[in-house]
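Here is structure-v8.cif, consisting of mmCIF, C-alpha atoms and all ligand atoms:
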```cif
data_my_file
#
loop_
_atom_site.label_atom_id
_atom_site.label_comp_id
_atom_site.auth_asym_id
_atom_site.auth_seq_id
_atom_site.Cartn_x
_atom_site.Cartn_y
_atom_site.Cartn_z
CA MET A 1 3.59 4.49 23.23
CA THR A 2 3.39 8.07 22.14
CA THR A 3 5.41 10.88 23.69
CA GLU A 4 2.12 12.39 24.78
CA ILE A 5 2.19 10.73 28.18
CA HIS A 6 5.47 12.35 29.25
CA THR A 7 3.80 15.75 29.23
CA LEU A 8 1.49 14.60 32.01
CA VAL A 9 4.34 14.71 34.54
CA GLY A 10 3.54 18.19 35.84
CA ALA A 11 -0.17 17.55 36.23
CA TYR A 12 0.64 14.22 37.88
CA VAL A 13 2.88 15.74 40.56
CA LEU A 14 0.33 18.49 41.20
CA ASP A 15 -2.38 15.82 41.72
CA ALA A 16 -4.29 17.42 38.87
CA VAL A 17 -5.03 14.11 37.13
CA ASP A 18 -7.91 11.70 37.68
CA ASP A 19 -7.52 8.18 39.04
CA ILE A 20 -7.32 6.53 35.65
CA GLU A 21 -4.68 8.92 34.37
CA ARG A 22 -2.75 8.47 37.58
CA ALA A 23 -2.74 4.68 37.23
CA SER A 24 -1.66 5.03 33.63
CA PHE A 25 1.11 7.45 34.43
CA GLU A 26 2.39 5.30 37.27
CA ARG A 27 2.72 2.41 34.84
CA HIS A 28 4.63 4.71 32.56
CA LEU A 29 6.94 5.73 35.41
CA ARG A 30 8.13 2.16 35.80
CA GLU A 31 9.66 2.26 32.38
CA CYS A 32 10.59 5.91 31.91
CA ASP A 33 13.69 7.00 33.82
CA SER A 34 13.46 10.62 32.78
CA CYS A 35 9.89 11.03 33.99
CA ARG A 36 10.76 9.27 37.23
CA LEU A 37 13.63 11.65 37.85
CA GLU A 38 11.45 14.60 37.03
CA VAL A 39 8.74 13.40 39.39
CA ASP A 40 11.23 13.09 42.22
CA GLU A 41 12.60 16.56 41.58
CA PHE A 42 9.17 18.13 41.20
CA ARG A 43 8.08 16.57 44.47
CA GLU A 44 10.89 18.42 46.21
CA THR A 45 9.72 21.57 44.46
CA THR A 46 6.10 21.21 45.55
CA ALA A 47 7.34 20.39 49.06
CA GLN A 48 8.83 23.88 49.09
CA MET A 49 5.45 25.22 48.08
CA ALA A 50 4.00 23.37 51.06
CA HIS A 51 6.38 25.23 53.37
CA ASP A 52 4.58 28.34 52.31
CA THR A 53 1.36 27.15 53.89
CA TRP A 54 2.53 26.72 57.49
CA SER A 55 -0.41 27.02 59.87
CA VAL A 56 -0.80 26.09 63.52
CA PRO A 57 -3.08 23.09 63.87
CA PRO A 58 -5.59 23.01 66.72
CA PRO A 59 -3.85 21.57 69.80
CA TRP A 60 -6.19 18.60 70.14
CA LEU A 61 -5.19 17.33 66.71
CA ARG A 62 -1.99 15.95 68.19
CA ASP A 63 -3.84 13.93 70.82
CA ASN A 64 -6.31 12.64 68.25
CA VAL A 65 -3.55 11.56 65.88
CA MET A 66 -1.41 9.99 68.59
CA SER A 67 -4.30 7.98 69.95
CA GLU A 68 -5.35 6.85 66.50
CA ILE A 69 -1.88 5.66 65.52
CA SER A 70 -1.55 3.71 68.76
CA ARG A 71 -4.37 1.49 67.51
CA THR A 72 -3.43 1.54 63.83
CA ARG A 73 -1.46 -1.33 62.42
CA GLN A 74 1.43 -0.42 60.15
CA ALA A 75 1.70 -1.69 56.61
CA PRO A 76 4.61 -4.00 55.75
CA PRO A 77 7.59 -2.47 53.95
CA VAL A 78 7.18 -4.13 50.59
CA ILE A 79 4.06 -5.20 48.83
CA PRO A 80 4.13 -8.99 49.16
CA GLU A 81 4.21 -11.14 46.05
CA ALA A 82 0.79 -12.41 45.18
CA PRO A 83 0.24 -16.13 45.66
CA ALA A 84 0.76 -18.18 42.52
CA ALA A 85 -2.87 -19.05 41.98
CA PRO A 86 -6.16 -18.05 43.54
CA PRO A 87 -8.41 -20.69 45.13
CA VAL A 88 -10.35 -22.86 42.74
CA ARG A 89 -13.65 -21.07 43.07
CA GLY A 90 -14.43 -18.79 40.19
CA VAL A 91 -11.36 -19.37 38.06
CA SER A 92 -12.86 -17.93 34.93
CA ARG A 93 -14.11 -14.94 36.83
CA ARG A 94 -10.64 -14.45 38.23
CA ARG A 95 -9.18 -14.39 34.76
CA TRP A 96 -11.76 -11.88 33.78
CA LEU A 97 -10.91 -9.75 36.77
CA VAL A 98 -7.23 -9.79 35.94
CA SER A 99 -7.94 -8.78 32.41
CA ALA A 100 -10.00 -5.94 33.76
CA ALA A 101 -6.98 -4.86 35.77
CA ALA A 102 -5.10 -4.53 32.55
CA VAL A 103 -7.79 -2.21 31.34
CA VAL A 104 -7.02 0.40 33.94
CA VAL A 105 -3.99 1.20 31.87
CA ALA A 106 -5.45 0.58 28.49
CA ALA A 107 -8.46 2.75 29.19
CA ALA A 108 -6.37 5.60 30.45
CA GLY A 109 -7.04 7.61 27.37
CA ALA A 110 -3.64 9.22 27.19
CA GLY A 111 -3.92 8.78 23.47
CA SER A 112 -1.57 5.85 23.48
CA ALA A 113 -2.00 2.47 21.87
CA VAL A 114 -2.95 -0.49 24.01
CA TYR A 115 -0.13 -1.66 26.16
CA VAL A 116 -0.34 -4.66 28.34
CA VAL A 117 0.28 -4.62 32.02
CA GLN A 118 3.06 -6.79 33.30
CA ASP A 119 1.19 -8.62 35.97
CA GLN A 120 2.81 -11.31 38.06
CA ARG A 121 -0.49 -13.00 38.59
CA VAL A 122 -0.91 -13.45 34.91
CA ARG A 123 0.26 -16.73 33.46
CA ASP A 124 -1.16 -16.59 30.03
CA GLN A 125 -0.08 -13.18 28.88
CA ARG A 126 -1.33 -13.52 25.36
CA GLN A 127 -4.81 -14.53 26.33
CA ILE A 128 -5.01 -11.72 28.82
CA ALA A 129 -3.84 -9.23 26.25
CA GLU A 130 -6.64 -10.32 23.97
CA ALA A 131 -9.15 -10.03 26.79
CA ALA A 132 -7.80 -6.63 27.68
CA ARG A 133 -8.40 -5.36 24.17
CA VAL A 134 -11.99 -6.46 24.37
CA ASP A 135 -12.49 -5.05 27.86
CA GLN A 136 -10.83 -1.80 27.01
CA ALA A 137 -13.42 -1.22 24.34
CA ARG A 138 -16.14 -2.17 26.79
CA VAL A 139 -14.86 0.20 29.48
CA ARG A 140 -14.64 3.07 27.00
CA GLN A 141 -18.09 2.28 25.71
CA ILE A 142 -19.61 2.37 29.18
CA LEU A 143 -17.77 5.49 30.27
CA ALA A 144 -18.76 7.26 27.08
CA ALA A 145 -22.44 6.32 27.32
CA PRO A 146 -24.78 9.32 27.19
CA ASP A 147 -26.71 8.02 30.17
CA VAL A 148 -23.71 7.16 32.35
CA VAL A 149 -24.33 7.81 36.05
CA LEU A 150 -21.37 8.26 38.39
CA ASN A 151 -21.48 7.41 42.06
CA GLU A 152 -18.56 7.80 44.36
CA GLN A 153 -17.90 6.85 47.95
CA PRO A 154 -14.92 7.07 50.23
CA VAL A 155 -13.52 3.78 51.45
CA SER A 156 -13.58 3.89 55.24
CA SER A 157 -10.06 2.51 55.43
CA GLY A 158 -8.82 5.17 52.98
CA GLY A 159 -9.32 5.80 49.28
CA ARG A 160 -12.33 5.83 47.03
CA VAL A 161 -14.57 3.65 44.97
CA THR A 162 -16.24 5.04 41.88
CA VAL A 163 -19.04 3.34 40.00
CA ALA A 164 -19.99 4.33 36.47
CA SER A 165 -23.21 2.72 35.38
CA SER A 166 -25.10 2.78 32.09
CA ARG A 167 -28.59 1.39 31.52
CA LEU A 168 -28.10 1.74 27.82
CA HIS A 169 -25.27 -0.79 27.95
CA ASN A 170 -26.74 -2.64 30.91
CA ALA A 171 -23.30 -2.61 32.47
CA GLY A 172 -21.08 -0.68 34.83
CA VAL A 173 -17.45 -0.03 35.60
CA VAL A 174 -16.20 -0.19 39.16
CA LEU A 175 -12.99 1.69 39.86
CA LEU A 176 -11.38 1.02 43.21
CA ALA A 177 -8.47 3.17 44.36
CA ALA A 178 -7.95 2.33 48.00
CA ASP A 179 -5.15 2.47 50.50
CA ALA A 180 -3.22 -0.75 51.06
CA ALA A 181 -5.34 -3.40 52.76
CA PRO A 182 -4.28 -4.49 56.25
CA ALA A 183 -1.88 -7.42 56.33
CA GLY A 184 -3.59 -10.73 55.60
CA ARG A 185 -6.63 -9.10 53.99
CA VAL A 186 -7.62 -8.40 50.41
CA TYR A 187 -10.33 -6.24 48.86
CA GLN A 188 -13.41 -7.94 47.47
CA LEU A 189 -16.15 -6.29 45.44
CA TRP A 190 -19.83 -7.17 45.72
CA THR A 191 -23.05 -6.29 44.02
CA ILE A 192 -26.34 -6.33 45.90
CA ARG A 193 -29.70 -6.44 44.23
CA GLY A 194 -33.26 -6.37 45.54
CA GLY A 195 -32.43 -7.14 49.15
CA GLY A 196 -30.74 -10.40 48.17
CA ASP A 197 -27.38 -11.70 49.31
CA PRO A 198 -24.29 -9.88 48.05
CA VAL A 199 -22.84 -11.43 44.90
CA ASN A 200 -19.11 -11.59 44.35
CA ALA A 201 -17.96 -9.09 41.72
CA GLY A 202 -14.26 -9.75 41.99
CA VAL A 203 -11.45 -10.40 44.46
CA LEU A 204 -8.27 -8.37 44.36
CA ALA A 205 -4.90 -10.02 44.78
CA ASP A 206 -2.90 -9.81 47.96
CA GLY A 207 -1.24 -6.40 48.05
CA GLN A 208 -3.45 -5.01 45.29
CA SER A 209 -5.46 -1.92 46.16
CA ALA A 210 -6.56 -0.52 42.83
CA ASP A 211 -8.57 -2.11 40.06
CA VAL A 212 -11.06 -1.51 37.30
CA VAL A 213 -13.81 -4.08 36.89
CA VAL A 214 -16.58 -4.29 34.31
CA VAL A 215 -19.81 -5.59 35.79
CA GLU A 216 -22.36 -6.70 33.22
CA GLY A 217 -25.97 -6.20 34.29
CA LEU A 218 -24.97 -3.70 36.96
CA PRO A 219 -27.90 -1.28 36.50
CA GLY A 220 -30.23 -3.82 38.12
CA ALA A 221 -28.22 -3.68 41.34
CA SER A 222 -28.93 -1.42 44.28
CA ASP A 223 -25.43 -1.35 45.79
CA VAL A 224 -21.81 -1.95 45.03
CA ALA A 225 -19.95 -2.82 48.22
CA VAL A 226 -16.31 -3.39 49.08
CA SER A 227 -15.16 -5.49 52.00
CA LEU A 228 -11.90 -6.78 53.42
CA GLU A 229 -11.65 -10.54 53.21
CA PRO A 230 -9.08 -13.28 53.66
CA PRO A 231 -6.85 -13.79 50.58
CA GLY A 232 -8.80 -15.45 47.80
CA GLY A 233 -12.04 -13.87 48.91
CA SER A 234 -15.16 -15.16 50.63
CA ALA A 235 -18.48 -16.58 49.47
CA GLN A 236 -20.25 -13.89 51.49
CA PRO A 237 -18.81 -10.79 53.18
CA THR A 238 -17.30 -11.70 56.54
CA SER A 239 -16.86 -8.14 57.73
CA THR A 240 -18.68 -4.82 57.58
CA PRO A 241 -18.11 -3.32 54.15
CA VAL A 242 -15.49 -0.57 53.99
CA ALA A 243 -17.56 1.08 51.27
CA ASP A 244 -21.17 0.78 50.14
CA VAL A 245 -22.08 2.72 47.03
CA LYS A 246 -25.82 3.22 46.56
CA LEU A 247 -26.72 3.19 42.89
CA THR A 248 -29.41 5.72 42.26
CA MET B 1 4.00 32.44 75.50
CA ALA B 2 7.76 32.28 75.76
CA GLU B 3 7.42 32.95 79.46
CA ARG B 4 5.07 30.07 79.95
CA GLY B 5 7.42 27.76 78.13
CA ALA B 6 10.32 28.86 80.28
CA SER B 7 8.50 28.43 83.54
CA ARG B 8 7.38 24.98 82.55
CA ARG B 9 10.88 23.73 82.05
CA PRO B 10 13.41 25.73 84.04
CA GLU B 11 16.90 26.10 82.71
CA HIS B 12 18.59 23.92 85.31
CA LEU B 13 16.43 20.95 84.42
CA ALA B 14 17.29 21.08 80.79
CA ALA B 15 19.96 18.40 81.03
CA VAL B 16 17.75 15.74 82.58
CA PRO B 17 17.84 12.91 80.10
CA ASP B 18 14.81 12.29 77.98
CA SER B 19 12.66 14.81 79.76
CA GLY B 20 12.18 17.85 77.65
CA ALA B 21 12.44 19.04 74.13
CA PRO B 22 14.38 16.57 71.98
CA PRO B 23 17.31 17.71 69.88
CA PRO B 24 16.46 19.12 66.47
CA ALA B 25 15.07 16.24 64.51
CA ASP B 26 15.57 15.16 60.94
CA ALA B 27 12.36 14.01 59.30
CA GLY B 28 14.07 11.19 57.42
CA GLU B 29 15.68 9.81 60.55
CA LEU B 30 12.41 10.01 62.46
CA LEU B 31 10.50 8.35 59.65
CA ARG B 32 12.90 5.40 59.77
CA GLU B 33 12.20 5.03 63.48
CA VAL B 34 8.48 5.40 62.87
CA ALA B 35 8.71 2.59 60.32
CA ARG B 36 9.88 0.35 63.15
CA GLY B 37 6.75 1.16 65.12
CA ASP B 38 8.24 3.84 67.37
CA GLU B 39 5.33 5.97 68.55
CA LYS B 40 7.56 8.40 70.37
CA ALA B 41 9.45 9.11 67.16
CA PHE B 42 6.12 9.65 65.50
CA GLY B 43 5.27 12.27 68.12
CA ARG B 44 8.45 14.13 67.25
CA LEU B 45 7.76 13.78 63.56
CA TYR B 46 4.31 15.17 64.20
CA ASP B 47 5.75 18.24 65.87
CA LEU B 48 8.08 18.75 62.96
CA VAL B 49 5.64 18.41 60.08
CA ALA B 50 2.08 18.85 61.41
CA PRO B 51 1.93 22.64 60.92
CA ARG B 52 2.88 22.22 57.29
CA VAL B 53 0.66 19.20 56.73
CA TYR B 54 -2.28 20.98 58.32
CA GLY B 55 -1.46 24.27 56.64
CA LEU B 56 -1.21 22.71 53.20
CA ILE B 57 -4.47 20.83 53.60
CA ARG B 58 -6.17 23.91 54.95
CA ARG B 59 -4.93 25.94 52.03
CA VAL B 60 -6.50 23.47 49.62
CA LEU B 61 -9.72 22.87 51.53
CA ARG B 62 -10.18 26.33 53.07
CA ASP B 63 -12.40 24.94 55.77
CA PRO B 64 -10.54 24.51 59.09
CA ALA B 65 -12.80 21.76 60.41
CA GLN B 66 -12.43 19.67 57.29
CA ALA B 67 -8.74 20.41 57.17
CA GLU B 68 -8.37 19.03 60.64
CA GLU B 69 -10.15 15.84 59.69
CA VAL B 70 -8.11 15.33 56.53
CA ALA B 71 -4.85 16.23 58.30
CA GLN B 72 -5.57 13.51 60.81
CA GLU B 73 -6.18 11.00 58.00
CA ALA B 74 -2.98 12.03 56.28
CA LEU B 75 -0.83 11.85 59.39
CA VAL B 76 -2.21 8.44 60.31
CA GLU B 77 -1.44 7.36 56.74
CA VAL B 78 2.16 8.50 57.29
CA TRP B 79 2.31 6.25 60.32
CA ARG B 80 0.72 3.36 58.50
CA SER B 81 2.90 3.39 55.43
CA ALA B 82 6.15 4.72 56.91
CA ALA B 83 7.95 1.52 55.92
CA ARG B 84 7.19 2.24 52.27
CA PHE B 85 9.11 5.50 52.23
CA ASP B 86 12.09 5.15 49.91
CA PRO B 87 14.84 7.67 50.74
CA ALA B 88 16.40 7.06 47.33
CA ARG B 89 13.38 8.76 45.74
CA GLY B 90 13.48 11.98 47.75
CA SER B 91 13.20 13.64 51.13
CA ALA B 92 10.92 12.48 53.90
CA THR B 93 9.12 15.79 54.03
CA SER B 94 8.28 15.74 50.35
CA TRP B 95 6.98 12.18 50.76
CA ILE B 96 4.78 13.33 53.63
CA PHE B 97 3.48 16.39 51.80
CA THR B 98 2.71 14.21 48.80
CA ILE B 99 0.43 12.10 50.99
CA ALA B 100 -1.13 15.20 52.55
CA HIS B 101 -1.73 16.94 49.24
CA ARG B 102 -3.25 13.87 47.67
CA ARG B 103 -5.66 13.51 50.59
CA ALA B 104 -6.66 17.14 50.42
CA VAL B 105 -7.25 16.93 46.68
CA ASP B 106 -9.30 13.76 47.05
CA ARG B 107 -11.50 15.55 49.53
CA VAL B 108 -11.87 18.69 47.50
CA ARG B 109 -12.76 16.67 44.41
CA SER B 110 -15.43 14.67 46.18
CA GLU B 111 -16.88 17.92 47.52
CA GLN B 112 -16.77 19.38 44.04
CA ALA B 113 -18.40 16.32 42.56
CA ALA B 114 -21.26 16.83 44.98
CA SER B 115 -21.87 20.43 44.01
CA GLU B 116 -20.27 20.66 40.58
CA ARG B 117 -23.32 21.77 38.70
CA THR B 118 -23.96 24.73 40.90
CA ILE B 119 -20.48 26.12 40.48
CA ARG B 120 -20.01 28.69 37.78
CA ALA B 121 -16.53 28.96 36.47
CA GLY B 122 -15.20 32.44 36.26
CA VAL B 123 -12.39 34.79 37.00
CA ALA B 124 -13.88 35.50 40.39
CA SER B 125 -13.05 32.02 41.59
CA VAL B 126 -9.42 32.32 40.58
CA ASP B 127 -7.36 33.34 43.54
CA THR B 128 -3.83 34.48 43.80
CA PRO B 129 -1.80 32.01 45.81
CA TYR B 130 -1.33 34.45 48.65
CA ASP B 131 -4.84 35.52 49.47
CA ALA B 132 -6.23 32.94 51.79
CA VAL B 133 -4.20 31.95 54.76
CA ALA B 134 -2.72 35.02 56.28
CA ASP B 135 -2.52 34.24 59.96
CA GLU B 136 0.73 32.38 60.31
CA VAL B 137 4.05 33.37 61.64
CA SER B 138 6.79 31.03 60.65
CA GLY B 139 8.88 30.05 57.69
CA ARG B 140 9.27 33.58 56.46
CA LEU B 141 12.39 33.00 54.49
CA GLU B 142 11.09 29.93 52.76
CA ARG B 143 7.91 31.73 51.94
CA GLN B 144 9.75 34.62 50.49
CA GLN B 145 11.70 32.29 48.33
CA VAL B 146 8.60 30.44 47.18
CA ARG B 147 6.88 33.71 46.40
CA ARG B 148 9.83 35.14 44.60
CA CYS B 149 10.11 32.00 42.50
CA LEU B 150 6.40 31.95 41.79
CA GLU B 151 6.54 35.53 40.66
CA ASP B 152 9.29 34.55 38.31
CA LEU B 153 6.89 32.36 36.33
CA THR B 154 4.80 33.54 33.43
CA GLU B 155 1.25 34.40 34.42
CA LEU B 156 -0.11 31.26 32.80
CA GLN B 157 2.50 29.00 34.40
CA ARG B 158 1.84 30.50 37.79
CA GLN B 159 -1.92 30.19 37.53
CA ALA B 160 -1.71 26.63 36.22
CA VAL B 161 0.60 25.49 39.00
CA THR B 162 -1.10 27.29 41.87
CA LEU B 163 -4.69 26.51 40.86
CA ALA B 164 -3.75 22.84 40.88
CA TYR B 165 -1.51 22.77 43.91
CA TYR B 166 -3.07 25.26 46.28
CA GLN B 167 -6.67 24.81 45.22
CA GLY B 168 -6.76 21.18 44.20
CA HIS B 169 -8.19 21.67 40.71
CA SER B 170 -7.75 19.02 38.03
CA TYR B 171 -5.98 20.13 34.88
CA PRO B 172 -9.17 20.01 32.77
CA ARG B 173 -10.74 22.28 35.36
CA VAL B 174 -7.72 24.59 35.32
CA ALA B 175 -8.00 24.72 31.53
CA GLU B 176 -11.64 25.68 31.90
CA LEU B 177 -10.94 28.33 34.53
CA LEU B 178 -8.17 29.88 32.49
CA GLY B 179 -9.88 29.45 29.13
CA THR B 180 -6.80 27.67 27.83
CA PRO B 181 -6.56 24.48 25.76
CA LEU B 182 -5.84 21.27 27.68
CA PRO B 183 -2.46 20.48 26.10
CA THR B 184 -1.27 24.00 26.88
CA VAL B 185 -2.25 23.66 30.51
CA LYS B 186 -0.43 20.33 30.81
CA THR B 187 2.65 21.86 29.29
CA ARG B 188 2.50 25.01 31.43
CA MET B 189 2.25 22.86 34.56
CA ARG B 190 5.37 21.01 33.57
CA ASP B 191 7.48 23.94 32.46
CA GLY B 192 6.23 25.98 35.42
CA LEU B 193 7.52 23.27 37.74
CA ILE B 194 10.81 23.11 35.86
CA ARG B 195 11.27 26.83 36.37
CA LEU B 196 10.32 26.63 40.03
CA ARG B 197 12.68 23.71 40.51
CA ASP B 198 15.55 25.64 38.98
CA CYS B 199 14.71 28.73 41.00
CA MET B 200 14.46 26.91 44.31
CA GLY B 201 17.37 24.57 43.69
CA THR B 202 16.84 20.90 43.00
CA GLY B 203 16.80 18.29 45.70
CA VAL B 204 16.33 20.73 48.54
CA SER B 205 15.33 18.84 51.64
CA ALA B 206 13.97 20.08 54.91
ZN ZN C 301 8.20 9.59 30.40
#
```
What would the structure in this file look like if it were written as structure tokens?
Amino acid sequence: MTTEIHTLVGAYVLDAVDDIERASFERHLRECDSCRLEVDEFRETTAQMAHDTWSVPPPWLRDNVMSEISRTRQAPPVIPEAPAAPPVRGVSRRRWLVSAAAVVVAAAGAGSAVYVVQDQRVRDQRQIAEAARVDQARVRQILAAPDVVLNEQPVSSGGRVTVASSRLHNAGVVLLAADAAPAGRVYQLWTIRGGGDPVNAGVLADGQSADVVVVEGLPGASDVAVSLEPPGGSAQPTSTPVADVKLT
Amino acid sequence: MAERGASRRPEHLAAVPDSGAPPPADAGELLREVARGDEKAFGRLYDLVAPRVYGLIRRVLRDPAQAEEVAQEALVEVWRSAARFDPARGSATSWIFTIAHRRAVDRVRSEQAASERTIRAGVASVDTPYDAVADEVSGRLERQQVRRCLEDLTELQRQAVTLAYYQGHSYPRVAELLGTPLPTVKTRMRDGLIRLRDCMGTGVSA
């Protein structure tokens, strides 16, 4: 790893980075004590800057917030360990999805060499590392395509999903950065084409709320949707999607 | 206003248990109670932080209606993830403002993405940090300190930090607005924050 990434600490605390840089920097924070300390200190500094913005909210905001929290379930204290193995269905796809998760770091473009995500779901680290190298190149290729089209949608439960799609490469990259899923639910990605049934494009692990997925053939699809499903995912969405990105 | 408050809760009733204004609250303490699902504690936390959460979001978004919406999202997020607050990493207020700022920036970016091509970068769109929200009354001392410390920065540090924090711009955008190379902007953000930190005193909590 180069020293380059340390210099991102200011931009990171100021929320002046994009989602990919943020994911990359957060990985870095796990192994860099000095950056972690600096982040904590800078957060206290920016909190002081927030004091400077004091403004009386409209009185009804309190009622709205209080009534919303009374029907909002709280997230558990720690992110639960992911189950040892996903259900049988789509094992190879699962592997592919995990390797794509590794790409979120690798593709971060902080000028650093490839480094492999420590992922508890990953058994075969070496194989994943290989796959990550391949996928990293693919992600970069798609994002750098001259005809890349970006679509972005908020996730109704909090967060965003961004889809980068390139006809030239006949592929797309889906970047999900959502709030934690409710207990007992996981995020699942879908593609929809020509009025047909949604097709599984990847299931996130329990407790996982951010991912980068390469979808080959994506430009033929009309939508990328995200839904909350039971752990392991579903064959078809069992709930109203929390995001539906129309691909134009 | 003070009169109305006084008539609502006469002096001699002040000692009735659990009836009126609670004792001065500590955000960290309240957040711990909120993490256990205590809605009443959340109400008190709201009273303590909502003006700053709303004010910060409004500063970034500029539009009061949108600020209200995003403030609600942020405050509900505080409720939802209260159990994930780690006091070892910093104060409760800074944790809460981090959530609020992030939400505001997400919103401003998605707005920008929608209208990016019509925006022309230029000096005119660069604001001083003090121009926008002028109608508040509290926190004078803290503000003075923040301002004094901000004025202590170099021009480039100050612009880099405030364009990002108060206006929600990404660092590439800040670089564009200031006509400064990317690595310089990254560095100015960091050393600007270092200088602010040293000026304000590290680890200050509310
Ligand atoms: Zn570091």
Please provide the set of residues having any atom within 9 Å of Thr238 in chain A, restricted to all atoms listed in the file, with same-chain residues fewer than 2 positions apart removed, written as a CSV table (one decimal) with C-alpha atoms, keeping the file's coordinate frame.
```csv
chain,number,residue,atom,x,y,z
A,227,SER,CA,-15.2,-5.5,52.0
A,228,LEU,CA,-11.9,-6.8,53.4
A,229,GLU,CA,-11.6,-10.5,53.2
A,230,PRO,CA,-9.1,-13.3,53.7
A,234,SER,CA,-15.2,-15.2,50.6
A,235,ALA,CA,-18.5,-16.6,49.5
A,236,GLN,CA,-20.2,-13.9,51.5
A,240,THR,CA,-18.7,-4.8,57.6
A,241,PRO,CA,-18.1,-3.3,54.2
```
Give me, as a VMD selection string, all polymer residues having an atom no more than 8 Å from Ala27 in chain B, counting all atoms listed in the file and skipping those fewer than 4 positions away in the same chain. chain B and resid 31 45 48 92 to 93 206
Please extract the residues at most 9 Å from ligand ZN 301 (chain C), counting only C-alpha atoms and all ligand atoms, and provide them as a ChimeraX atom specification, using the chain letters and residue numbers of this document. /A:3-9,25,28-29,31-36,38
Please determine, counting only C-alpha atoms, which residue among B:Leu153, B:Val49, B:Ala82, B:Leu182 has the shortest atom-to-atom distance to Ile194 in chain B.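 Looking only at the distances to Ile194 in chain B, the closest residue turns out to be B:Leu153.
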For each of B:Val76, B:Leu30, B:Val105, B:Leu196, take the minimum atom-to-atom distance to Tyr166 in chain B, counting only C-alpha atoms, then give the residue where this is smallest.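 When distances to Tyr166 in chain B are compared using only C-alpha atoms, the smallest one comes from B:Val105.
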Find the residues in chain A near chain B: any atom within 9 Å counts, using all atoms listed in the file. Write them as a VMD selection string. chain A and resid 7 to 11 13 to 18 36 to 38 40 to 58 61 to 62 64 to 66 68 to 70 72 to 79 152 to 154 158 to 160 179 to 180
Prev. selection, C-alpha atoms, output as an mmCIF file, in the coordinates of the input:
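part-v1.cif, written as the output of this step:
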```cif
data_model
loop_
_atom_site.group_PDB
_atom_site.id
_atom_site.type_symbol
_atom_site.label_atom_id
_atom_site.label_comp_id
_atom_site.auth_asym_id
_atom_site.auth_seq_id
_atom_site.Cartn_x
_atom_site.Cartn_y
_atom_site.Cartn_z
ATOM 1 C CA THR A 7 3.800 15.750 29.230
ATOM 2 C CA LEU A 8 1.490 14.600 32.010
ATOM 3 C CA VAL A 9 4.340 14.710 34.540
ATOM 4 C CA GLY A 10 3.540 18.190 35.840
ATOM 5 C CA ALA A 11 -0.170 17.550 36.230
ATOM 6 C CA VAL A 13 2.880 15.740 40.560
ATOM 7 C CA LEU A 14 0.330 18.490 41.200
ATOM 8 C CA ASP A 15 -2.380 15.820 41.720
ATOM 9 C CA ALA A 16 -4.290 17.420 38.870
ATOM 10 C CA VAL A 17 -5.030 14.110 37.130
ATOM 11 C CA ASP A 18 -7.910 11.700 37.680
ATOM 12 C CA ARG A 36 10.760 9.270 37.230
ATOM 13 C CA LEU A 37 13.630 11.650 37.850
ATOM 14 C CA GLU A 38 11.450 14.600 37.030
ATOM 15 C CA ASP A 40 11.230 13.090 42.220
ATOM 16 C CA GLU A 41 12.600 16.560 41.580
ATOM 17 C CA PHE A 42 9.170 18.130 41.200
ATOM 18 C CA ARG A 43 8.080 16.570 44.470
ATOM 19 C CA GLU A 44 10.890 18.420 46.210
ATOM 20 C CA THR A 45 9.720 21.570 44.460
ATOM 21 C CA THR A 46 6.100 21.210 45.550
ATOM 22 C CA ALA A 47 7.340 20.390 49.060
ATOM 23 C CA GLN A 48 8.830 23.880 49.090
ATOM 24 C CA MET A 49 5.450 25.220 48.080
ATOM 25 C CA ALA A 50 4.000 23.370 51.060
ATOM 26 C CA HIS A 51 6.380 25.230 53.370
ATOM 27 C CA ASP A 52 4.580 28.340 52.310
ATOM 28 C CA THR A 53 1.360 27.150 53.890
ATOM 29 C CA TRP A 54 2.530 26.720 57.490
ATOM 30 C CA SER A 55 -0.410 27.020 59.870
ATOM 31 C CA VAL A 56 -0.800 26.090 63.520
ATOM 32 C CA PRO A 57 -3.080 23.090 63.870
ATOM 33 C CA PRO A 58 -5.590 23.010 66.720
ATOM 34 C CA LEU A 61 -5.190 17.330 66.710
ATOM 35 C CA ARG A 62 -1.990 15.950 68.190
ATOM 36 C CA ASN A 64 -6.310 12.640 68.250
ATOM 37 C CA VAL A 65 -3.550 11.560 65.880
ATOM 38 C CA MET A 66 -1.410 9.990 68.590
ATOM 39 C CA GLU A 68 -5.350 6.850 66.500
ATOM 40 C CA ILE A 69 -1.880 5.660 65.520
ATOM 41 C CA SER A 70 -1.550 3.710 68.760
ATOM 42 C CA THR A 72 -3.430 1.540 63.830
ATOM 43 C CA ARG A 73 -1.460 -1.330 62.420
ATOM 44 C CA GLN A 74 1.430 -0.420 60.150
ATOM 45 C CA ALA A 75 1.700 -1.690 56.610
ATOM 46 C CA PRO A 76 4.610 -4.000 55.750
ATOM 47 C CA PRO A 77 7.590 -2.470 53.950
ATOM 48 C CA VAL A 78 7.180 -4.130 50.590
ATOM 49 C CA ILE A 79 4.060 -5.200 48.830
ATOM 50 C CA GLU A 152 -18.560 7.800 44.360
ATOM 51 C CA GLN A 153 -17.900 6.850 47.950
ATOM 52 C CA PRO A 154 -14.920 7.070 50.230
ATOM 53 C CA GLY A 158 -8.820 5.170 52.980
ATOM 54 C CA GLY A 159 -9.320 5.800 49.280
ATOM 55 C CA ARG A 160 -12.330 5.830 47.030
ATOM 56 C CA ASP A 179 -5.150 2.470 50.500
ATOM 57 C CA ALA A 180 -3.220 -0.750 51.060
#
```
